[in-house]
Amino acid sequence: MPISNYPQNAPGILKTSWDASATEFPVIVDFIELNRVIMQARWYKEVECLLITEGTVNLIAGEKTYTLEAGSAAVLAPGLVHMSTPADEKKRTLFYRVLFDPEFLFNYDEPYLMLKYCNPLLNSPDFKVHLFHNDQPEDATVMDFLNRVVDINLSPDFGYELQTRSYLTHIWMMLIKRIGFQATRPPKRSTLNVDNARMKGAMSYIQEHYTEPLTLEEIADSVHISKSECCRCFKRTLNLTPFEYLMKYRIFVACKHIVDNPDLKSFSDLGYSVGFNYSSYFNKIFKKFMNCTPSEYRRRVREGQEV
(Lines give C-alpha, C1' and ligand atoms only; values in the text may rest on other atoms or scores of the structure.)
Protein backbone atom coordinates (compact mmCIF):
# COMPACT_ATOMS: atom_id res chain seq x y z
CA MET A 1 0.00 0.00 0.00
CA PRO A 2 1.50 3.36 -1.02
CA ILE A 3 1.64 5.06 2.37
CA SER A 4 4.15 7.90 2.63
CA ASN A 5 7.38 6.85 4.30
CA TYR A 6 8.04 9.61 6.82
CA PRO A 7 7.29 8.80 10.48
CA GLN A 8 4.12 10.26 11.95
CA ASN A 9 5.78 11.25 15.21
CA ALA A 10 8.70 13.13 13.69
CA PRO A 11 8.98 16.32 11.64
CA GLY A 12 7.91 15.27 8.16
CA ILE A 13 8.48 16.43 4.65
CA LEU A 14 5.67 16.24 2.11
CA LYS A 15 6.28 15.44 -1.50
CA THR A 16 5.50 18.35 -3.83
CA SER A 17 4.31 15.99 -6.52
CA TRP A 18 3.02 12.45 -6.79
CA ASP A 19 2.48 10.30 -9.86
CA ALA A 20 -0.37 7.88 -9.41
CA SER A 21 0.70 5.98 -12.53
CA ALA A 22 3.92 5.02 -10.72
CA THR A 23 2.00 2.98 -8.13
CA GLU A 24 0.13 -0.25 -8.53
CA PHE A 25 -2.89 1.14 -6.66
CA PRO A 26 -3.60 4.76 -7.72
CA VAL A 27 -4.76 6.01 -4.30
CA ILE A 28 -2.60 7.33 -1.49
CA VAL A 29 -3.67 8.03 2.09
CA ASP A 30 -1.33 9.66 4.58
CA PHE A 31 -1.39 11.47 7.92
CA ILE A 32 0.05 14.93 8.47
CA GLU A 33 0.83 16.89 11.63
CA LEU A 34 0.97 20.30 10.02
CA ASN A 35 2.84 22.08 12.81
CA ARG A 36 5.83 19.77 12.31
CA VAL A 37 5.87 19.97 8.52
CA ILE A 38 6.88 22.87 6.32
CA MET A 39 4.14 22.78 3.71
CA GLN A 40 5.25 23.95 0.29
CA ALA A 41 2.88 25.45 -2.22
CA ARG A 42 2.09 22.58 -4.55
CA TRP A 43 -0.24 21.06 -7.10
CA TYR A 44 -1.08 17.54 -8.13
CA LYS A 45 -2.32 15.86 -11.28
CA GLU A 46 -4.72 13.99 -9.01
CA VAL A 47 -7.74 14.99 -6.95
CA GLU A 48 -6.75 15.85 -3.35
CA CYS A 49 -9.01 15.46 -0.31
CA LEU A 50 -8.15 16.87 3.13
CA LEU A 51 -9.91 15.54 6.24
CA ILE A 52 -9.22 17.71 9.30
CA THR A 53 -9.17 15.80 12.61
CA GLU A 54 -7.69 18.34 15.04
CA GLY A 55 -6.93 22.06 15.01
CA THR A 56 -7.63 24.55 12.22
CA VAL A 57 -6.05 24.71 8.76
CA ASN A 58 -5.82 27.79 6.55
CA LEU A 59 -5.98 26.58 2.95
CA ILE A 60 -4.76 29.15 0.43
CA ALA A 61 -6.00 28.36 -3.08
CA GLY A 62 -7.56 30.10 -6.04
CA GLU A 63 -6.96 33.63 -4.69
CA LYS A 64 -8.88 32.75 -1.51
CA THR A 65 -8.10 31.55 2.01
CA TYR A 66 -10.40 28.83 3.35
CA THR A 67 -10.62 28.02 7.05
CA LEU A 68 -10.97 24.30 7.77
CA GLU A 69 -11.73 23.33 11.36
CA ALA A 70 -11.73 19.86 12.91
CA GLY A 71 -14.67 17.92 11.52
CA SER A 72 -14.49 19.48 8.07
CA ALA A 73 -13.00 18.44 4.75
CA ALA A 74 -11.97 19.91 1.40
CA VAL A 75 -11.79 18.44 -2.09
CA LEU A 76 -9.38 20.15 -4.50
CA ALA A 77 -9.33 19.93 -8.29
CA PRO A 78 -6.28 18.53 -10.10
CA GLY A 79 -3.66 21.11 -11.06
CA LEU A 80 -4.75 23.74 -8.53
CA VAL A 81 -1.84 25.56 -6.87
CA HIS A 82 -2.43 25.67 -3.11
CA MET A 83 -0.77 25.80 0.30
CA SER A 84 -1.83 24.77 3.83
CA THR A 85 -0.76 26.46 7.07
CA PRO A 86 -1.87 26.00 10.69
CA ALA A 87 -4.17 28.77 11.92
CA ASP A 88 -2.43 28.59 15.30
CA GLU A 89 1.13 27.24 15.27
CA LYS A 90 0.97 26.63 19.04
CA LYS A 91 -1.86 24.12 18.69
CA ARG A 92 -1.71 20.66 17.16
CA THR A 93 -3.08 20.58 13.62
CA LEU A 94 -3.75 17.11 12.24
CA PHE A 95 -5.35 15.92 9.03
CA TYR A 96 -5.51 13.01 6.64
CA ARG A 97 -4.84 13.48 2.95
CA VAL A 98 -6.29 11.33 0.16
CA LEU A 99 -4.99 11.55 -3.40
CA PHE A 100 -6.58 9.64 -6.24
CA ASP A 101 -6.45 9.55 -10.01
CA PRO A 102 -9.89 10.00 -11.65
CA GLU A 103 -8.89 7.27 -14.09
CA PHE A 104 -9.23 4.91 -11.12
CA LEU A 105 -12.97 5.66 -11.12
CA PHE A 106 -13.53 6.00 -14.87
CA ASN A 107 -11.50 3.80 -17.18
CA TYR A 108 -10.35 5.67 -20.28
CA ASP A 109 -11.12 2.54 -22.29
CA GLU A 110 -14.82 3.13 -21.51
CA PRO A 111 -15.45 6.55 -23.10
CA TYR A 112 -19.18 6.69 -22.28
CA LEU A 113 -18.64 7.15 -18.53
CA MET A 114 -15.59 9.36 -19.06
CA LEU A 115 -17.49 11.73 -21.36
CA LYS A 116 -20.64 11.84 -19.25
CA TYR A 117 -19.34 11.95 -15.69
CA CYS A 118 -15.57 12.55 -15.58
CA ASN A 119 -14.44 15.04 -18.21
CA PRO A 120 -17.25 17.59 -17.59
CA LEU A 121 -16.33 17.81 -13.90
CA LEU A 122 -12.59 18.02 -14.57
CA ASN A 123 -13.19 20.74 -17.17
CA SER A 124 -15.70 22.71 -15.12
CA PRO A 125 -14.43 26.16 -14.06
CA ASP A 126 -16.44 25.70 -10.86
CA PHE A 127 -14.42 22.66 -9.76
CA LYS A 128 -11.71 24.34 -7.66
CA VAL A 129 -12.13 23.95 -3.89
CA HIS A 130 -15.21 22.49 -2.23
CA LEU A 131 -15.66 22.40 1.54
CA PHE A 132 -17.70 19.94 3.56
CA HIS A 133 -18.83 20.17 7.20
CA ASN A 134 -20.20 17.54 9.54
CA ASP A 135 -23.14 19.69 10.61
CA GLN A 136 -24.67 19.60 7.11
CA PRO A 137 -26.54 16.34 6.23
CA GLU A 138 -25.21 15.95 2.68
CA ASP A 139 -21.76 17.10 3.72
CA ALA A 140 -21.75 14.58 6.57
CA THR A 141 -22.22 11.82 4.00
CA VAL A 142 -19.09 12.93 2.13
CA MET A 143 -17.23 13.10 5.44
CA ASP A 144 -18.36 9.57 6.26
CA PHE A 145 -17.15 8.26 2.89
CA LEU A 146 -13.76 9.98 3.33
CA ASN A 147 -13.38 8.53 6.81
CA ARG A 148 -14.11 5.08 5.42
CA VAL A 149 -11.51 5.54 2.68
CA VAL A 150 -8.93 6.51 5.29
CA ASP A 151 -9.81 3.61 7.61
CA ILE A 152 -9.73 0.85 5.01
CA ASN A 153 -6.50 2.12 3.41
CA LEU A 154 -4.64 2.44 6.70
CA SER A 155 -5.76 -1.08 7.73
CA PRO A 156 -6.32 -2.80 4.39
CA ASP A 157 -8.15 -6.07 4.11
CA PHE A 158 -9.09 -8.17 1.12
CA GLY A 159 -11.23 -6.11 -1.26
CA TYR A 160 -10.27 -2.69 0.17
CA GLU A 161 -9.46 -1.45 -3.36
CA LEU A 162 -13.03 -2.12 -4.53
CA GLN A 163 -14.45 -0.47 -1.42
CA THR A 164 -12.21 2.55 -1.94
CA ARG A 165 -13.36 2.90 -5.53
CA SER A 166 -17.01 2.70 -4.44
CA TYR A 167 -16.67 5.39 -1.76
CA LEU A 168 -14.71 7.75 -4.03
CA THR A 169 -17.26 7.28 -6.82
CA HIS A 170 -20.03 8.32 -4.41
CA ILE A 171 -18.00 11.44 -3.48
CA TRP A 172 -17.49 12.20 -7.18
CA MET A 173 -21.23 11.98 -7.81
CA MET A 174 -21.96 14.33 -4.92
CA LEU A 175 -19.50 16.84 -6.39
CA ILE A 176 -21.32 16.62 -9.71
CA LYS A 177 -24.62 17.34 -7.99
CA ARG A 178 -23.16 20.25 -6.04
CA ILE A 179 -21.54 21.91 -9.05
CA GLY A 180 -24.45 21.16 -11.38
CA PHE A 181 -22.38 21.50 -14.53
CA GLN A 182 -23.62 21.20 -18.07
CA ALA A 183 -21.53 18.95 -20.26
CA THR A 184 -21.82 21.35 -23.20
CA ARG A 185 -20.68 24.45 -21.31
CA PRO A 186 -17.21 25.57 -22.47
CA PRO A 187 -14.62 26.28 -19.77
CA LYS A 188 -14.01 29.94 -18.99
CA ARG A 189 -10.56 31.50 -19.20
CA SER A 190 -10.53 33.40 -15.93
CA THR A 191 -7.85 35.33 -14.09
CA LEU A 192 -7.60 32.35 -11.75
CA ASN A 193 -6.76 29.99 -14.62
CA VAL A 194 -4.13 32.39 -15.97
CA ASP A 195 -2.59 32.88 -12.51
CA ASN A 196 -2.56 29.12 -11.90
CA ALA A 197 -0.68 28.46 -15.14
CA ARG A 198 1.83 31.24 -14.44
CA MET A 199 2.39 30.03 -10.88
CA LYS A 200 3.16 26.50 -12.02
CA GLY A 201 5.80 27.84 -14.38
CA ALA A 202 7.32 30.25 -11.87
CA MET A 203 7.36 27.69 -9.05
CA SER A 204 8.93 25.08 -11.32
CA TYR A 205 11.61 27.60 -12.34
CA ILE A 206 12.38 28.39 -8.70
CA GLN A 207 12.55 24.69 -7.82
CA GLU A 208 15.04 24.12 -10.65
CA HIS A 209 17.25 27.13 -9.82
CA TYR A 210 16.84 27.64 -6.05
CA THR A 211 20.57 27.12 -5.40
CA GLU A 212 21.39 30.13 -7.58
CA PRO A 213 21.19 33.84 -6.63
CA LEU A 214 17.80 34.30 -8.28
CA THR A 215 16.39 37.73 -9.05
CA LEU A 216 12.77 38.80 -9.39
CA GLU A 217 13.43 39.66 -13.03
CA GLU A 218 14.61 36.11 -13.77
CA ILE A 219 11.54 34.59 -12.11
CA ALA A 220 9.20 36.92 -14.00
CA ASP A 221 10.98 36.30 -17.30
CA SER A 222 10.55 32.55 -16.85
CA VAL A 223 6.79 32.99 -17.36
CA HIS A 224 7.02 36.03 -19.68
CA ILE A 225 5.42 38.64 -17.40
CA SER A 226 6.61 41.87 -15.77
CA LYS A 227 8.16 41.94 -12.31
CA SER A 228 5.16 43.79 -10.86
CA GLU A 229 2.68 41.32 -12.39
CA CYS A 230 4.79 38.44 -11.07
CA CYS A 231 4.52 39.86 -7.55
CA ARG A 232 0.77 40.38 -7.92
CA CYS A 233 0.33 36.84 -9.22
CA PHE A 234 2.17 35.32 -6.23
CA LYS A 235 0.25 37.55 -3.83
CA ARG A 236 -3.13 36.66 -5.32
CA THR A 237 -2.42 32.94 -5.42
CA LEU A 238 -0.35 32.21 -2.29
CA ASN A 239 -0.33 35.48 -0.34
CA LEU A 240 3.46 35.38 -0.62
CA THR A 241 6.05 37.37 -2.54
CA PRO A 242 8.26 35.46 -5.02
CA PHE A 243 11.19 36.01 -2.65
CA GLU A 244 9.25 34.58 0.31
CA TYR A 245 8.36 31.50 -1.75
CA LEU A 246 12.03 31.09 -2.74
CA MET A 247 13.09 31.25 0.92
CA LYS A 248 10.41 28.74 1.96
CA TYR A 249 11.44 26.35 -0.78
CA ARG A 250 15.11 26.54 0.24
CA ILE A 251 14.17 25.74 3.85
CA PHE A 252 11.90 22.94 2.64
CA VAL A 253 14.85 21.33 0.84
CA ALA A 254 17.10 21.87 3.88
CA CYS A 255 14.58 20.11 6.13
CA LYS A 256 14.42 17.18 3.73
CA HIS A 257 18.22 16.90 3.83
CA ILE A 258 18.11 16.78 7.64
CA VAL A 259 15.36 14.14 7.65
CA ASP A 260 17.25 12.03 5.10
CA ASN A 261 20.59 12.56 6.88
CA PRO A 262 19.96 12.90 10.65
CA ASP A 263 23.71 12.62 11.37
CA LEU A 264 24.45 15.71 9.29
CA LYS A 265 27.42 17.59 10.76
CA SER A 266 27.82 20.91 8.94
CA PHE A 267 24.84 23.22 8.83
CA SER A 268 26.97 25.86 7.09
CA ASP A 269 27.51 23.48 4.17
CA LEU A 270 23.80 22.63 4.21
CA GLY A 271 22.83 26.29 4.02
CA TYR A 272 25.25 26.89 1.16
CA SER A 273 23.92 23.85 -0.73
CA VAL A 274 20.38 25.27 -0.73
CA GLY A 275 21.33 28.77 -1.83
CA PHE A 276 22.39 30.70 1.30
CA ASN A 277 25.82 32.37 1.21
CA TYR A 278 25.98 33.03 4.97
CA SER A 279 25.26 30.52 7.73
CA SER A 280 23.86 33.23 10.04
CA TYR A 281 21.25 34.19 7.45
CA PHE A 282 20.41 30.53 6.84
CA ASN A 283 19.85 30.02 10.58
CA LYS A 284 17.70 33.17 10.77
CA ILE A 285 15.43 32.14 7.87
CA PHE A 286 15.25 28.53 9.08
CA LYS A 287 14.08 29.65 12.51
CA LYS A 288 11.57 32.06 10.96
CA PHE A 289 9.80 29.28 9.10
CA MET A 290 10.37 26.30 11.41
CA ASN A 291 10.35 28.02 14.84
CA CYS A 292 13.59 26.24 15.74
CA THR A 293 17.23 26.16 14.68
CA PRO A 294 18.59 23.54 12.26
CA SER A 295 20.28 21.70 15.14
CA GLU A 296 17.03 21.65 17.14
CA TYR A 297 15.20 20.31 14.10
CA ARG A 298 17.82 17.57 13.70
CA ARG A 299 17.36 16.62 17.36
CA ARG A 300 13.60 16.30 16.87
CA VAL A 301 14.18 14.13 13.81
CA ARG A 302 16.50 11.86 15.77
CA GLU A 303 14.04 11.56 18.63
CA GLY A 304 11.25 10.79 16.22
CA GLN A 305 13.24 8.03 14.52
CA GLU A 306 14.10 6.42 17.85
CA VAL A 307 10.45 6.17 18.97
# chains A, B, ... in the order shown; residues from 1 in each chain; ligands from 1
>>> residues_around(residues="segment 37-51 of chain A", least_positions_apart="2", cutoff="6 Å", atoms="only C-alpha atoms", output="VMD selection string")
chain A and resid 11 to 13 16 to 17 34 to 35 73 to 83 95 to 101
>>> select_by_dssp(residues="segment 37-223 of chain A", states="strand (DSSP E)", output="PyMOL selection string")
chain A and resi 47-54+56-61+64-69+72-76+82-86+94-100+129-133
>>> write_last_selection(atoms="N, CA and C atoms", output="short mmCIF file (atom, residue, chain, number, x, y, z; two decimals), in the first residue's frame")
data_model
loop_
_atom_site.label_atom_id
_atom_site.label_comp_id
_atom_site.auth_asym_id
_atom_site.auth_seq_id
_atom_site.Cartn_x
_atom_site.Cartn_y
_atom_site.Cartn_z
N VAL A 47 -6.82 14.33 -7.86
CA VAL A 47 -7.74 14.99 -6.95
C VAL A 47 -7.20 14.83 -5.53
N GLU A 48 -7.25 15.90 -4.73
CA GLU A 48 -6.75 15.85 -3.35
C GLU A 48 -7.91 16.12 -2.38
N CYS A 49 -8.00 15.28 -1.36
CA CYS A 49 -9.01 15.46 -0.31
C CYS A 49 -8.29 15.64 1.02
N LEU A 50 -8.71 16.63 1.80
CA LEU A 50 -8.15 16.87 3.13
C LEU A 50 -9.26 16.64 4.16
N LEU A 51 -8.95 15.85 5.18
CA LEU A 51 -9.91 15.54 6.24
C LEU A 51 -9.30 16.00 7.56
N ILE A 52 -9.81 17.10 8.11
CA ILE A 52 -9.22 17.71 9.30
C ILE A 52 -9.72 16.99 10.56
N THR A 53 -8.79 16.53 11.40
CA THR A 53 -9.17 15.80 12.61
C THR A 53 -8.91 16.59 13.89
N GLU A 54 -7.98 17.54 13.84
CA GLU A 54 -7.69 18.34 15.04
C GLU A 54 -7.08 19.67 14.61
N THR A 56 -7.04 23.78 13.31
CA THR A 56 -7.63 24.55 12.22
C THR A 56 -6.58 24.80 11.15
N VAL A 57 -6.95 24.56 9.90
CA VAL A 57 -6.05 24.71 8.76
C VAL A 57 -6.51 25.90 7.91
N ASN A 58 -5.56 26.75 7.54
CA ASN A 58 -5.82 27.79 6.55
C ASN A 58 -5.34 27.28 5.20
N LEU A 59 -6.28 27.07 4.29
CA LEU A 59 -5.98 26.58 2.95
C LEU A 59 -6.01 27.75 1.98
N ILE A 60 -4.87 28.05 1.38
CA ILE A 60 -4.76 29.15 0.43
C ILE A 60 -4.80 28.57 -0.98
N ALA A 61 -5.83 28.92 -1.74
CA ALA A 61 -6.00 28.36 -3.08
C ALA A 61 -6.95 29.23 -3.89
N LYS A 64 -8.08 32.69 -2.73
CA LYS A 64 -8.88 32.75 -1.51
C LYS A 64 -8.17 31.99 -0.39
N THR A 65 -8.55 32.30 0.84
CA THR A 65 -8.10 31.55 2.01
C THR A 65 -9.32 30.91 2.65
N TYR A 66 -9.30 29.59 2.76
CA TYR A 66 -10.40 28.83 3.35
C TYR A 66 -9.99 28.35 4.73
N THR A 67 -10.89 28.47 5.69
CA THR A 67 -10.62 28.02 7.05
C THR A 67 -11.29 26.67 7.26
N LEU A 68 -10.48 25.66 7.57
CA LEU A 68 -10.97 24.30 7.77
C LEU A 68 -10.74 23.90 9.23
N GLU A 69 -11.82 23.72 9.96
CA GLU A 69 -11.73 23.33 11.36
C GLU A 69 -11.90 21.82 11.49
N SER A 72 -14.17 19.00 9.41
CA SER A 72 -14.49 19.48 8.07
C SER A 72 -13.51 18.87 7.08
N ALA A 73 -13.83 19.02 5.80
CA ALA A 73 -13.00 18.44 4.75
C ALA A 73 -13.00 19.36 3.54
N ALA A 74 -12.04 19.16 2.64
CA ALA A 74 -11.97 19.91 1.40
C ALA A 74 -11.58 18.96 0.28
N VAL A 75 -12.16 19.19 -0.89
CA VAL A 75 -11.79 18.44 -2.09
C VAL A 75 -11.27 19.46 -3.10
N LEU A 76 -10.05 19.21 -3.61
CA LEU A 76 -9.38 20.15 -4.50
C LEU A 76 -9.23 19.55 -5.90
N HIS A 82 -1.87 25.39 -4.44
CA HIS A 82 -2.43 25.67 -3.11
C HIS A 82 -1.38 25.45 -2.03
N MET A 83 -1.68 25.93 -0.84
CA MET A 83 -0.77 25.80 0.30
C MET A 83 -1.59 25.73 1.58
N SER A 84 -1.14 24.91 2.54
CA SER A 84 -1.83 24.77 3.83
C SER A 84 -0.93 25.25 4.95
N THR A 85 -1.50 26.00 5.90
CA THR A 85 -0.76 26.46 7.07
C THR A 85 -1.64 26.30 8.30
N PRO A 86 -1.05 26.07 9.48
CA PRO A 86 -1.87 26.00 10.69
C PRO A 86 -2.38 27.38 11.07
N LEU A 94 -3.87 18.44 12.83
CA LEU A 94 -3.75 17.11 12.24
C LEU A 94 -4.78 16.93 11.14
N PHE A 95 -4.37 16.27 10.06
CA PHE A 95 -5.35 15.92 9.03
C PHE A 95 -4.85 14.73 8.21
N TYR A 96 -5.81 14.06 7.59
CA TYR A 96 -5.51 13.01 6.64
C TYR A 96 -5.63 13.58 5.24
N ARG A 97 -4.81 13.05 4.34
CA ARG A 97 -4.84 13.48 2.95
C ARG A 97 -5.09 12.25 2.08
N VAL A 98 -5.99 12.40 1.12
CA VAL A 98 -6.29 11.33 0.16
C VAL A 98 -6.04 11.87 -1.24
N LEU A 99 -5.23 11.19 -2.00
CA LEU A 99 -4.99 11.55 -3.40
C LEU A 99 -5.44 10.40 -4.27
N PHE A 100 -6.18 10.72 -5.34
CA PHE A 100 -6.58 9.64 -6.24
C PHE A 100 -6.66 10.15 -7.67
N VAL A 129 -12.18 24.41 -5.28
CA VAL A 129 -12.13 23.95 -3.89
C VAL A 129 -13.56 23.83 -3.39
N HIS A 130 -13.88 22.67 -2.80
CA HIS A 130 -15.21 22.49 -2.23
C HIS A 130 -15.07 22.00 -0.80
N LEU A 131 -15.75 22.69 0.12
CA LEU A 131 -15.66 22.40 1.54
C LEU A 131 -16.87 21.59 1.99
N PHE A 132 -16.64 20.76 3.00
CA PHE A 132 -17.70 19.94 3.56
C PHE A 132 -17.60 19.99 5.09
N HIS A 133 -18.78 20.05 5.75
CA HIS A 133 -18.83 20.17 7.20
C HIS A 133 -19.79 19.12 7.78
#
>>> atom_distance(atom1="atom CA of Glu208 of chain A", atom2="atom CA of Ser226 of chain A")
20.3 Å
